[in-house]
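The file data-v4.cif contains mmCIF, C-alpha atoms:
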data_start
#
loop_
_atom_site.group_PDB
_atom_site.id
_atom_site.type_symbol
_atom_site.label_atom_id
_atom_site.label_comp_id
_atom_site.auth_asym_id
_atom_site.auth_seq_id
_atom_site.Cartn_x
_atom_site.Cartn_y
_atom_site.Cartn_z
ATOM 1 C CA MET P 1 25.808 -50.817 -112.301
ATOM 2 C CA GLY P 2 23.415 -50.232 -115.166
ATOM 3 C CA ARG P 3 20.675 -52.490 -116.410
ATOM 4 C CA ILE P 4 18.860 -52.981 -119.706
ATOM 5 C CA GLN P 5 15.463 -54.620 -119.343
ATOM 6 C CA ILE P 6 13.815 -55.977 -122.468
ATOM 7 C CA LEU P 7 10.107 -56.747 -122.244
ATOM 8 C CA ASN P 8 9.376 -60.140 -123.768
ATOM 9 C CA SER P 9 7.599 -63.431 -123.234
ATOM 10 C CA THR P 10 9.698 -64.230 -120.147
ATOM 11 C CA GLY P 11 8.467 -61.082 -118.404
ATOM 12 C CA HIS P 12 11.735 -59.353 -119.145
ATOM 13 C CA THR P 13 15.361 -60.119 -119.858
ATOM 14 C CA ASP P 14 18.140 -58.255 -118.034
ATOM 15 C CA VAL P 15 21.465 -57.153 -119.467
ATOM 16 C CA VAL P 16 23.686 -55.693 -116.757
ATOM 17 C CA TRP P 17 26.836 -53.633 -117.177
ATOM 18 C CA ASP P 18 29.414 -52.132 -114.877
ATOM 19 C CA GLN P 19 30.705 -48.689 -115.845
ATOM 20 C CA ARG P 20 34.144 -49.612 -114.558
ATOM 21 C CA GLU P 21 34.417 -52.604 -116.892
ATOM 22 C CA ARG P 22 34.851 -51.539 -120.464
ATOM 23 C CA GLY P 23 33.945 -55.010 -121.753
ATOM 24 C CA SER P 24 30.545 -55.066 -120.100
ATOM 25 C CA VAL P 25 29.811 -51.506 -121.273
ATOM 26 C CA LEU P 26 30.601 -52.500 -124.858
ATOM 27 C CA ARG P 27 28.421 -55.587 -124.600
ATOM 28 C CA ALA P 28 25.556 -53.465 -123.266
ATOM 29 C CA GLU P 29 26.043 -50.913 -126.038
ATOM 30 C CA ARG P 30 26.002 -53.656 -128.660
ATOM 31 C CA GLU P 31 22.787 -55.010 -127.165
ATOM 32 C CA PHE P 32 21.338 -51.504 -127.137
ATOM 33 C CA LEU P 33 22.059 -51.041 -130.845
ATOM 34 C CA ARG P 34 20.755 -54.504 -131.724
ATOM 35 C CA LEU P 35 17.468 -53.892 -129.918
ATOM 36 C CA ALA P 36 17.037 -50.397 -131.349
ATOM 37 C CA LYS P 37 17.624 -51.778 -134.817
ATOM 38 C CA GLY P 38 15.065 -54.496 -134.094
ATOM 39 C CA GLY P 39 12.346 -51.915 -133.566
ATOM 40 C CA TYR P 40 12.415 -51.645 -129.767
ATOM 41 C CA VAL P 41 12.251 -48.153 -128.256
ATOM 42 C CA PRO P 42 14.530 -47.320 -125.283
ATOM 43 C CA PHE P 43 13.329 -45.407 -122.218
ATOM 44 C CA ARG P 44 15.689 -44.560 -119.383
ATOM 45 C CA ARG P 45 14.806 -44.302 -115.740
ATOM 46 C CA ASP P 46 17.253 -42.882 -113.238
ATOM 47 C CA GLU P 47 16.867 -42.942 -109.484
ATOM 48 C CA ALA P 48 18.397 -39.438 -109.345
ATOM 49 C CA ASP P 49 15.408 -38.154 -111.372
ATOM 50 C CA ASP P 50 13.051 -39.420 -108.688
ATOM 51 C CA GLY P 51 12.182 -42.391 -110.858
ATOM 52 C CA ALA P 52 10.987 -40.262 -113.762
ATOM 53 C CA ALA P 53 11.399 -41.952 -117.142
ATOM 54 C CA ARG P 54 12.248 -40.416 -120.499
ATOM 55 C CA ARG P 55 12.936 -41.544 -124.002
ATOM 56 C CA MET P 56 16.532 -41.890 -125.128
ATOM 57 C CA ILE P 57 18.237 -42.157 -128.471
ATOM 58 C CA ALA P 58 21.847 -43.129 -127.865
ATOM 59 C CA PHE P 59 23.300 -45.500 -125.305
ATOM 60 C CA ASP P 60 24.502 -43.803 -122.121
ATOM 61 C CA PRO P 61 26.648 -45.928 -119.783
ATOM 62 C CA GLY P 62 25.598 -43.584 -116.948
ATOM 63 C CA ALA P 63 21.953 -44.665 -117.122
ATOM 64 C CA ASP P 64 20.618 -46.611 -114.135
ATOM 65 C CA ARG P 65 18.018 -48.540 -116.034
ATOM 66 C CA ILE P 66 17.024 -48.725 -119.695
ATOM 67 C CA LEU P 67 13.703 -50.294 -120.616
ATOM 68 C CA PHE P 68 13.213 -51.542 -124.141
ATOM 69 C CA ILE P 69 9.570 -51.324 -125.140
ATOM 70 C CA ARG P 70 7.752 -52.200 -128.341
ATOM 71 C CA PRO P 71 6.249 -49.336 -130.342
ATOM 72 C CA VAL P 72 2.479 -48.987 -130.146
ATOM 73 C CA ARG P 73 -0.049 -48.551 -132.910
ATOM 74 C CA GLY P 74 -3.753 -48.043 -133.173
ATOM 75 C CA GLY P 75 -5.986 -51.062 -133.560
ATOM 76 C CA MET J 1 15.007 -70.437 -121.960
ATOM 77 C CA PRO J 2 11.255 -69.811 -121.994
ATOM 78 C CA LEU J 3 9.539 -69.537 -118.635
ATOM 79 C CA ALA J 4 6.199 -71.008 -117.715
ATOM 80 C CA GLY J 5 3.368 -68.492 -118.158
ATOM 81 C CA GLY J 6 2.898 -68.017 -114.423
ATOM 82 C CA ALA J 7 6.564 -67.259 -113.780
ATOM 83 C CA ALA J 8 6.736 -64.809 -116.688
ATOM 84 C CA SER J 9 3.590 -63.062 -115.480
ATOM 85 C CA GLN J 10 5.007 -62.851 -111.979
ATOM 86 C CA ARG J 11 8.262 -61.322 -113.245
ATOM 87 C CA ALA J 12 6.368 -58.840 -115.379
ATOM 88 C CA ARG J 13 4.095 -57.930 -112.482
ATOM 89 C CA GLU J 14 7.071 -57.328 -110.193
ATOM 90 C CA LEU J 15 8.687 -55.071 -112.761
ATOM 91 C CA LEU J 16 5.441 -53.165 -113.242
ATOM 92 C CA GLU J 17 5.021 -52.612 -109.499
ATOM 93 C CA ASP J 18 8.600 -51.431 -109.313
ATOM 94 C CA LEU J 19 7.854 -48.768 -111.917
ATOM 95 C CA LEU J 20 4.622 -47.512 -110.336
ATOM 96 C CA ASP J 21 4.291 -44.866 -107.641
ATOM 97 C CA ALA J 22 2.404 -45.469 -104.397
ATOM 98 C CA GLN J 23 -0.964 -44.265 -105.717
ATOM 99 C CA GLN J 24 -0.656 -46.389 -108.832
ATOM 100 C CA ARG J 25 0.242 -49.459 -106.772
ATOM 101 C CA ARG J 26 -2.874 -48.912 -104.660
ATOM 102 C CA ASP J 27 -4.953 -48.627 -107.849
ATOM 103 C CA LEU J 28 -3.439 -51.810 -109.185
ATOM 104 C CA ALA J 29 -4.086 -53.752 -105.987
ATOM 105 C CA SER J 30 -7.678 -52.638 -105.633
ATOM 106 C CA HIS J 31 -8.855 -52.143 -109.216
ATOM 107 C CA GLY J 32 -6.541 -54.113 -111.498
ATOM 108 C CA GLY J 33 -5.250 -51.018 -113.279
ATOM 109 C CA PHE J 34 -3.669 -47.665 -112.558
ATOM 110 C CA ARG J 35 -4.020 -43.993 -113.413
ATOM 111 C CA VAL J 36 -1.407 -41.973 -115.279
ATOM 112 C CA ARG J 37 -1.533 -38.192 -115.233
ATOM 113 C CA THR J 38 -0.211 -36.082 -118.072
ATOM 114 C CA PRO J 39 -0.560 -32.301 -118.346
ATOM 115 C CA ASP J 40 -3.660 -32.620 -120.551
ATOM 116 C CA CYS J 41 -5.144 -35.977 -119.747
ATOM 117 C CA LEU J 42 -5.902 -38.472 -117.068
ATOM 118 C CA TYR J 43 -5.357 -42.035 -118.300
ATOM 119 C CA TRP J 44 -6.542 -45.327 -116.905
ATOM 120 C CA VAL J 45 -4.374 -48.307 -117.824
ATOM 121 C CA PRO J 46 -5.987 -51.648 -117.007
ATOM 122 C CA LEU J 47 -3.899 -54.754 -116.557
ATOM 123 C CA ARG J 48 -6.062 -56.384 -119.199
ATOM 124 C CA GLY J 49 -7.380 -54.402 -122.124
ATOM 125 C CA ALA J 50 -6.655 -51.072 -123.710
ATOM 126 C CA PRO J 51 -6.297 -47.755 -121.862
ATOM 127 C CA SER J 52 -8.933 -45.038 -121.524
ATOM 128 C CA ARG J 53 -8.358 -41.351 -121.014
ATOM 129 C CA THR J 54 -10.121 -38.148 -120.087
ATOM 130 C CA ILE J 55 -9.068 -35.056 -122.008
ATOM 131 C CA LEU J 56 -9.431 -32.597 -119.180
ATOM 132 C CA ASP J 57 -9.898 -29.382 -121.149
ATOM 133 C CA SER J 58 -12.525 -30.672 -123.503
ATOM 134 C CA CYS J 59 -14.302 -32.920 -120.997
ATOM 135 C CA ILE J 60 -14.074 -35.898 -123.327
ATOM 136 C CA VAL J 61 -13.653 -39.470 -122.130
ATOM 137 C CA GLN J 62 -12.194 -41.814 -124.711
ATOM 138 C CA ARG J 63 -11.757 -45.548 -124.825
ATOM 139 C CA LEU J 64 -8.622 -46.169 -126.864
ATOM 140 C CA CYS J 65 -7.746 -48.916 -129.267
ATOM 141 C CA VAL J 66 -3.986 -49.370 -129.122
ATOM 142 C CA HIS J 67 -1.529 -52.225 -128.784
ATOM 143 C CA PRO J 68 2.161 -52.973 -129.278
ATOM 144 C CA ASP J 69 3.206 -53.569 -132.877
ATOM 145 C CA ARG J 70 4.307 -57.038 -131.855
ATOM 146 C CA ARG J 71 3.229 -58.639 -128.614
ATOM 147 C CA GLY J 72 5.491 -61.659 -128.874
ATOM 148 C CA GLY J 73 3.869 -63.480 -125.972
ATOM 149 C CA MET J 74 4.415 -60.666 -123.476
ATOM 150 C CA PRO J 75 2.432 -61.026 -120.240
ATOM 151 C CA ASP J 76 -0.356 -58.551 -119.477
ATOM 152 C CA ALA J 77 1.797 -56.595 -117.013
ATOM 153 C CA ASP J 78 4.378 -55.995 -119.758
ATOM 154 C CA LEU J 79 1.640 -54.498 -121.912
ATOM 155 C CA ALA J 80 0.721 -52.215 -119.026
ATOM 156 C CA ILE J 81 4.400 -51.182 -118.746
ATOM 157 C CA THR J 82 4.423 -50.466 -122.471
ATOM 158 C CA TYR J 83 1.429 -48.137 -122.138
ATOM 159 C CA LEU J 84 2.834 -46.567 -118.965
ATOM 160 C CA MET J 85 6.126 -45.690 -120.655
ATOM 161 C CA TRP J 86 4.569 -44.302 -123.814
ATOM 162 C CA ILE J 87 1.932 -42.293 -121.980
ATOM 163 C CA SER J 88 4.253 -40.809 -119.381
ATOM 164 C CA CYS J 89 7.298 -40.221 -121.620
ATOM 165 C CA ALA J 90 5.823 -39.519 -125.039
ATOM 166 C CA PRO J 91 2.149 -38.613 -124.574
ATOM 167 C CA GLY J 92 1.965 -36.720 -127.868
ATOM 168 C CA GLU J 93 3.290 -39.618 -129.889
ATOM 169 C CA PHE J 94 1.096 -42.054 -127.997
ATOM 170 C CA SER J 95 -1.954 -39.916 -128.819
ATOM 171 C CA MET J 96 -1.020 -39.802 -132.482
ATOM 172 C CA ARG J 97 -0.682 -43.558 -132.674
ATOM 173 C CA ALA J 98 -3.713 -44.586 -130.617
ATOM 174 C CA ASN J 99 -7.124 -44.832 -132.188
ATOM 175 C CA VAL J 100 -10.243 -43.748 -130.375
ATOM 176 C CA ALA J 101 -12.680 -46.633 -130.146
ATOM 177 C CA HIS J 102 -15.404 -44.678 -128.425
ATOM 178 C CA GLN J 103 -15.797 -41.304 -126.799
ATOM 179 C CA VAL J 104 -18.305 -39.411 -124.735
ATOM 180 C CA ARG J 105 -18.465 -35.854 -123.506
ATOM 181 C CA LEU J 106 -18.811 -35.523 -119.746
ATOM 182 C CA PRO J 107 -19.644 -32.586 -117.528
ATOM 183 C CA VAL J 108 -16.355 -32.944 -115.652
ATOM 184 C CA GLU J 109 -16.965 -29.835 -113.577
ATOM 185 C CA ALA J 110 -19.280 -31.982 -111.486
ATOM 186 C CA MET J 111 -16.690 -34.719 -111.064
ATOM 187 C CA GLY J 112 -13.518 -35.336 -109.163
ATOM 188 C CA GLU J 113 -10.584 -37.440 -110.246
ATOM 189 C CA GLU J 114 -11.988 -40.520 -108.514
ATOM 190 C CA ASP J 115 -15.257 -40.169 -110.468
ATOM 191 C CA LEU J 116 -13.329 -39.971 -113.730
ATOM 192 C CA VAL J 117 -11.189 -42.949 -112.810
ATOM 193 C CA SER J 118 -14.332 -44.855 -111.895
ATOM 194 C CA ILE J 119 -15.894 -44.078 -115.265
ATOM 195 C CA MET J 120 -12.750 -44.922 -117.180
ATOM 196 C CA ARG J 121 -12.249 -48.210 -115.453
ATOM 197 C CA GLY J 122 -15.800 -49.086 -116.455
ATOM 198 C CA SER J 123 -17.492 -49.578 -113.163
ATOM 199 C CA GLY J 124 -20.601 -50.351 -115.176
ATOM 200 C CA THR J 125 -19.290 -53.814 -115.810
ATOM 201 C CA THR J 126 -19.114 -54.740 -112.147
ATOM 202 C CA THR J 127 -21.566 -57.264 -110.850
ATOM 203 C CA PRO J 128 -24.273 -55.650 -108.759
ATOM 204 C CA ARG J 129 -24.479 -56.662 -105.135
ATOM 205 C CA PRO J 130 -27.066 -59.358 -104.512
ATOM 206 C CA SER J 131 -28.805 -57.114 -102.003
ATOM 207 C CA ALA J 132 -29.220 -54.307 -104.520
ATOM 208 C CA ARG J 133 -32.767 -53.915 -105.742
ATOM 209 C CA ARG J 134 -33.068 -54.771 -109.365
ATOM 210 C CA PRO J 135 -34.619 -51.899 -111.277
ATOM 211 C CA THR J 136 -37.492 -52.469 -113.648
ATOM 212 C CA ARG J 137 -36.500 -52.928 -117.309
ATOM 213 C CA GLY J 138 -32.842 -52.382 -116.481
ATOM 214 C CA THR J 139 -33.232 -48.645 -116.083
ATOM 215 C CA PRO J 140 -32.764 -46.546 -112.962
ATOM 216 C CA HIS J 141 -36.346 -46.277 -111.983
ATOM 217 C CA ALA J 142 -37.914 -43.884 -109.632
ATOM 218 C CA SER J 143 -41.327 -42.439 -110.005
ATOM 219 C CA ILE J 144 -43.487 -39.981 -108.148
ATOM 220 C CA PRO J 145 -45.484 -42.174 -105.775
ATOM 221 C CA ARG J 146 -49.187 -42.190 -106.424
ATOM 222 C CA ARG J 147 -51.370 -41.070 -103.600
ATOM 223 C CA ARG J 148 -54.496 -42.996 -102.887
ATOM 224 C CA CYS J 149 -57.499 -40.761 -103.083
ATOM 225 C CA SER J 150 -59.480 -41.181 -99.924
ATOM 226 C CA SER J 151 -61.673 -38.165 -100.416
ATOM 227 C CA PRO J 152 -65.413 -38.962 -100.266
ATOM 228 C CA THR J 153 -66.054 -36.301 -102.896
ATOM 229 C CA ARG J 154 -64.458 -38.567 -105.511
ATOM 230 C CA ARG J 155 -67.214 -41.094 -104.996
ATOM 231 C CA HIS J 156 -69.813 -38.448 -105.727
ATOM 232 C CA GLY J 157 -68.030 -37.118 -108.809
ATOM 233 C CA ARG J 158 -67.397 -33.680 -107.384
ATOM 234 C CA GLN J 159 -64.041 -31.921 -107.475
ATOM 235 C CA PRO J 160 -62.455 -31.718 -104.044
ATOM 236 C CA VAL J 161 -61.438 -28.344 -102.747
ATOM 237 C CA PRO J 162 -57.638 -28.381 -102.652
ATOM 238 C CA ARG J 163 -56.058 -27.606 -99.351
ATOM 239 C CA PRO J 164 -52.488 -26.392 -99.052
ATOM 240 C CA PRO J 165 -50.059 -29.212 -98.288
ATOM 241 C CA THR J 166 -48.575 -29.460 -94.838
ATOM 242 C CA ALA J 167 -44.855 -28.941 -94.303
ATOM 243 C CA LYS J 168 -44.331 -32.714 -94.132
ATOM 244 C CA GLU J 169 -46.242 -33.235 -97.389
ATOM 245 C CA ARG J 170 -44.309 -30.457 -99.066
ATOM 246 C CA ALA J 171 -41.056 -32.141 -98.040
ATOM 247 C CA GLU J 172 -42.309 -35.468 -99.405
ATOM 248 C CA ILE J 173 -43.345 -33.867 -102.694
ATOM 249 C CA THR J 174 -40.017 -32.091 -103.044
ATOM 250 C CA ALA J 175 -38.168 -35.345 -102.392
ATOM 251 C CA SER J 176 -40.350 -37.181 -104.905
ATOM 252 C CA ILE J 177 -39.785 -34.538 -107.571
ATOM 253 C CA ARG J 178 -36.047 -34.665 -106.957
ATOM 254 C CA GLU J 179 -36.078 -38.442 -107.201
ATOM 255 C CA TYR J 180 -38.094 -38.204 -110.401
ATOM 256 C CA ARG J 181 -35.688 -35.667 -111.924
ATOM 257 C CA ILE J 182 -32.763 -37.907 -111.023
ATOM 258 C CA SER J 183 -34.459 -40.873 -112.689
ATOM 259 C CA LEU J 184 -35.075 -38.825 -115.846
ATOM 260 C CA MET J 185 -31.502 -37.563 -115.867
ATOM 261 C CA ALA J 186 -30.125 -41.055 -115.262
ATOM 262 C CA ARG J 187 -32.233 -42.361 -118.126
ATOM 263 C CA ALA J 188 -30.899 -39.608 -120.397
ATOM 264 C CA LEU J 189 -27.313 -40.331 -119.338
ATOM 265 C CA ARG J 190 -27.800 -44.036 -119.978
ATOM 266 C CA ALA J 191 -27.640 -43.481 -123.742
ATOM 267 C CA ASP J 192 -24.109 -42.126 -123.507
ATOM 268 C CA PHE J 193 -22.713 -43.758 -120.394
ATOM 269 C CA GLY J 194 -24.678 -46.983 -120.131
ATOM 270 C CA HIS J 195 -21.685 -48.985 -121.277
ATOM 271 C CA LEU J 196 -19.444 -47.322 -118.686
ATOM 272 C CA LEU J 197 -21.600 -47.094 -115.581
ATOM 273 C CA ASN J 198 -24.019 -49.427 -113.889
ATOM 274 C CA ASN J 199 -27.421 -48.225 -112.710
ATOM 275 C CA GLU J 200 -26.069 -47.184 -109.347
ATOM 276 C CA GLY J 201 -23.309 -45.163 -111.029
ATOM 277 C CA LEU J 202 -25.759 -43.501 -113.413
ATOM 278 C CA THR J 203 -28.030 -42.516 -110.547
ATOM 279 C CA GLY J 204 -25.086 -41.124 -108.582
ATOM 280 C CA LEU J 205 -23.898 -39.096 -111.559
ATOM 281 C CA ALA J 206 -27.406 -37.799 -112.238
ATOM 282 C CA SER J 207 -27.774 -36.850 -108.596
ATOM 283 C CA ARG J 208 -24.518 -34.890 -108.617
ATOM 284 C CA LEU J 209 -25.444 -33.142 -111.847
ATOM 285 C CA ILE J 210 -28.773 -32.041 -110.462
ATOM 286 C CA GLU J 211 -27.163 -30.831 -107.263
ATOM 287 C CA ALA J 212 -24.562 -28.931 -109.297
ATOM 288 C CA ARG J 213 -27.307 -27.316 -111.375
ATOM 289 C CA SER J 214 -29.296 -26.376 -108.296
ATOM 290 C CA ALA J 215 -26.213 -24.877 -106.683
ATOM 291 C CA GLY J 216 -25.169 -23.061 -109.815
#

Translate this file's structure into structure tokens.
Amino acid sequence: MGRIQILNSTGHTDVVWDQRERGSVLRAEREFLRLAKGGYVPFRRDEADDGAARRMIAFDPGADRILFIRPVRGG
Amino acid sequence: MPLAGGAASQRARELLEDLLDAQQRRDLASHGGFRVRTPDCLYWVPLRGAPSRTILDSCIVQRLCVHPDRRGGMPDADLAITYLMWISCAPGEFSMRANVAHQVRLPVEAMGEEDLVSIMRGSGTTTPRPSARRPTRGTPHASIPRRRCSSPTRRHGRQPVPRPPTAKERAEITASIREYRISLMARALRADFGHLLNNEGLTGLASRLIEARSAG
């Protein structure tokens, strides 16, 4: 099971997919593209990497968790 | 469906704690923020407010001015997650985007990581304990104590013949001079670090600097 977490006013919103179900993977990929187009930046965090996070560009159904974060800018 | 502010904050806080390591969770519980290490810098990310960082090579402590391009009602913990992700995954890009609101140069050779974290989290803004003695004019104040002159020669206007101080007096004088040097150093540091450290912190830093100088 993979999970997209989008930071927003509710704390965060989850979009979950199951690698074995093509439909849920496609839905997650669509959501990924929609968020990326909307200016969010994806970071992936895999338990196998000891919880280390890294930026990602394209959707990977093998990711454990993808966090969508807003870009930052100087004040 | 929008959640009440408390529920959203709770969800954000849970997610943040899930992303932090053990040390960072301890920081968050005790100080309302957490440290993030990168190869070049040590960051302090408060739950409320913008991050600070120490550039380790150049001994510079910076208070940053940075925020998400669109907050959209995100709870404070979500902001902290935003900074955590950018700092730990893309420190170069984060540095390019963040503005420096204020910076000071610190003699970091005299400081450990906890000292730096303490400075970055702005321990100077903490409320002093009620039992703490309030210094005169808001400045760390210590002066060489005046000795009362009990010599009868003073009454007759003659100069007393100085006698060498005893070992106990020498120790007292040395302690007084040290205290005086610390007060001068703390006063000098106040110009740069007064907004970051309280009087107790300034005195502690001055004391460590003087000890480091004496040792070195």

Residues of chain J within 7 Å of chain P, counting only C-alpha atoms, what are they? List them as a PDB file with C-alpha atoms, in the frame of the given file.
ATOM      1  CA  PRO J   2      11.255 -69.811-121.994  1.00  0.00           C
ATOM      2  CA  LEU J   3       9.539 -69.537-118.635  1.00  0.00           C
ATOM      3  CA  ALA J   8       6.736 -64.809-116.688  1.00  0.00           C
ATOM      4  CA  SER J   9       3.590 -63.062-115.480  1.00  0.00           C
ATOM      5  CA  ARG J  11       8.262 -61.322-113.245  1.00  0.00           C
ATOM      6  CA  ALA J  12       6.368 -58.840-115.379  1.00  0.00           C
ATOM      7  CA  CYS J  65      -7.746 -48.916-129.267  1.00  0.00           C
ATOM      8  CA  VAL J  66      -3.986 -49.370-129.122  1.00  0.00           C
ATOM      9  CA  HIS J  67      -1.529 -52.225-128.784  1.00  0.00           C
ATOM     10  CA  PRO J  68       2.161 -52.973-129.278  1.00  0.00           C
ATOM     11  CA  ASP J  69       3.206 -53.569-132.877  1.00  0.00           C
ATOM     12  CA  ARG J  70       4.307 -57.038-131.855  1.00  0.00           C
ATOM     13  CA  GLY J  72       5.491 -61.659-128.874  1.00  0.00           C
ATOM     14  CA  GLY J  73       3.869 -63.480-125.972  1.00  0.00           C
ATOM     15  CA  MET J  74       4.415 -60.666-123.476  1.00  0.00           C
ATOM     16  CA  PRO J  75       2.432 -61.026-120.240  1.00  0.00           C
ATOM     17  CA  ASP J  78       4.378 -55.995-119.758  1.00  0.00           C
ATOM     18  CA  THR J  82       4.423 -50.466-122.471  1.00  0.00           C
ATOM     19  CA  CYS J  89       7.298 -40.221-121.620  1.00  0.00           C
ATOM     20  CA  ARG J  97      -0.682 -43.558-132.674  1.00  0.00           C
ATOM     21  CA  ALA J  98      -3.713 -44.586-130.617  1.00  0.00           C
ATOM     22  CA  ASN J  99      -7.124 -44.832-132.188  1.00  0.00           C
TER      23      ASN J  99
END

Around (-16.8, -35.7, -116.1), as given in the file, which residues come within 12 Å? Count all atoms listed in the file and list them as a ChimeraX atom specification. /J:42,53-62,104-120,189,193,205-206,208-209

Quick check, in Å to one decimal: how far apart do CA of Met1 in chain P and CA of Gly23 in chain P lie? 13.2 Å

Could you jot down the CA of Ser24 in chain P to CA of Arg13 in chain J separation for me, Å, one decimal place?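 Result for CA of Ser24 in chain P versus CA of Arg13 in chain J: 27.7 Å, one decimal.
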
Just so the selection is clear, what residues does the PyMOL selection byres ((chain P and resi 27) around 12) cover here, as a list of chain:residue names?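 Those residues are P:Gly2, P:Arg3, P:Ile4, P:Val15, P:Val16, P:Trp17, P:Asp18, P:Gln19, P:Glu21, P:Arg22, P:Gly23, P:Ser24, P:Val25, P:Leu26, P:Ala28, P:Glu29, P:Arg30, P:Glu31, P:Phe32, P:Leu33, P:Arg34, P:Phe59, P:Pro61.
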
Can you sort out range 28-46 of chain P so it carries N, CA and C atoms, written as a compact mmCIF listing (two decimals), in the frame of the given file?
# COMPACT_ATOMS: atom_id res chain seq x y z
N ALA P 28 26.86 -54.11 -123.46
CA ALA P 28 25.56 -53.46 -123.27
C ALA P 28 25.24 -52.54 -124.43
N GLU P 29 26.26 -51.83 -124.91
CA GLU P 29 26.04 -50.91 -126.04
C GLU P 29 25.66 -51.68 -127.30
N ARG P 30 26.33 -52.81 -127.50
CA ARG P 30 26.00 -53.66 -128.66
C ARG P 30 24.55 -54.13 -128.57
N GLU P 31 24.16 -54.54 -127.37
CA GLU P 31 22.79 -55.01 -127.16
C GLU P 31 21.79 -53.86 -127.42
N PHE P 32 22.18 -52.69 -126.94
CA PHE P 32 21.34 -51.50 -127.14
C PHE P 32 21.09 -51.28 -128.63
N LEU P 33 22.17 -51.30 -129.40
CA LEU P 33 22.06 -51.04 -130.84
C LEU P 33 21.25 -52.14 -131.54
N ARG P 34 21.47 -53.38 -131.11
CA ARG P 34 20.76 -54.50 -131.72
C ARG P 34 19.24 -54.36 -131.49
N LEU P 35 18.89 -54.02 -130.25
CA LEU P 35 17.47 -53.89 -129.92
C LEU P 35 16.83 -52.70 -130.64
N ALA P 36 17.57 -51.58 -130.67
CA ALA P 36 17.04 -50.40 -131.35
C ALA P 36 16.83 -50.69 -132.83
N LYS P 37 17.76 -51.42 -133.41
CA LYS P 37 17.62 -51.78 -134.82
C LYS P 37 16.45 -52.74 -135.02
N GLY P 38 16.17 -53.53 -134.01
CA GLY P 38 15.06 -54.50 -134.09
C GLY P 38 13.70 -53.88 -133.83
N GLY P 39 13.64 -52.57 -133.70
CA GLY P 39 12.35 -51.92 -133.57
C GLY P 39 11.96 -51.56 -132.14
N TYR P 40 12.72 -52.02 -131.15
CA TYR P 40 12.42 -51.64 -129.77
C TYR P 40 12.73 -50.17 -129.54
N VAL P 41 12.03 -49.57 -128.58
CA VAL P 41 12.25 -48.15 -128.26
C VAL P 41 12.79 -48.07 -126.82
N PRO P 42 13.95 -47.39 -126.63
CA PRO P 42 14.53 -47.32 -125.28
C PRO P 42 14.00 -46.14 -124.46
N PHE P 43 13.71 -46.44 -123.19
CA PHE P 43 13.33 -45.41 -122.22
C PHE P 43 14.26 -45.56 -121.02
N ARG P 44 14.79 -44.46 -120.54
CA ARG P 44 15.69 -44.56 -119.38
C ARG P 44 15.00 -44.06 -118.12
N ARG P 45 15.41 -44.65 -117.02
CA ARG P 45 14.81 -44.30 -115.74
C ARG P 45 15.93 -44.25 -114.72
N ASP P 46 16.15 -43.07 -114.18
CA ASP P 46 17.25 -42.88 -113.24
C ASP P 46 16.71 -42.56 -111.85
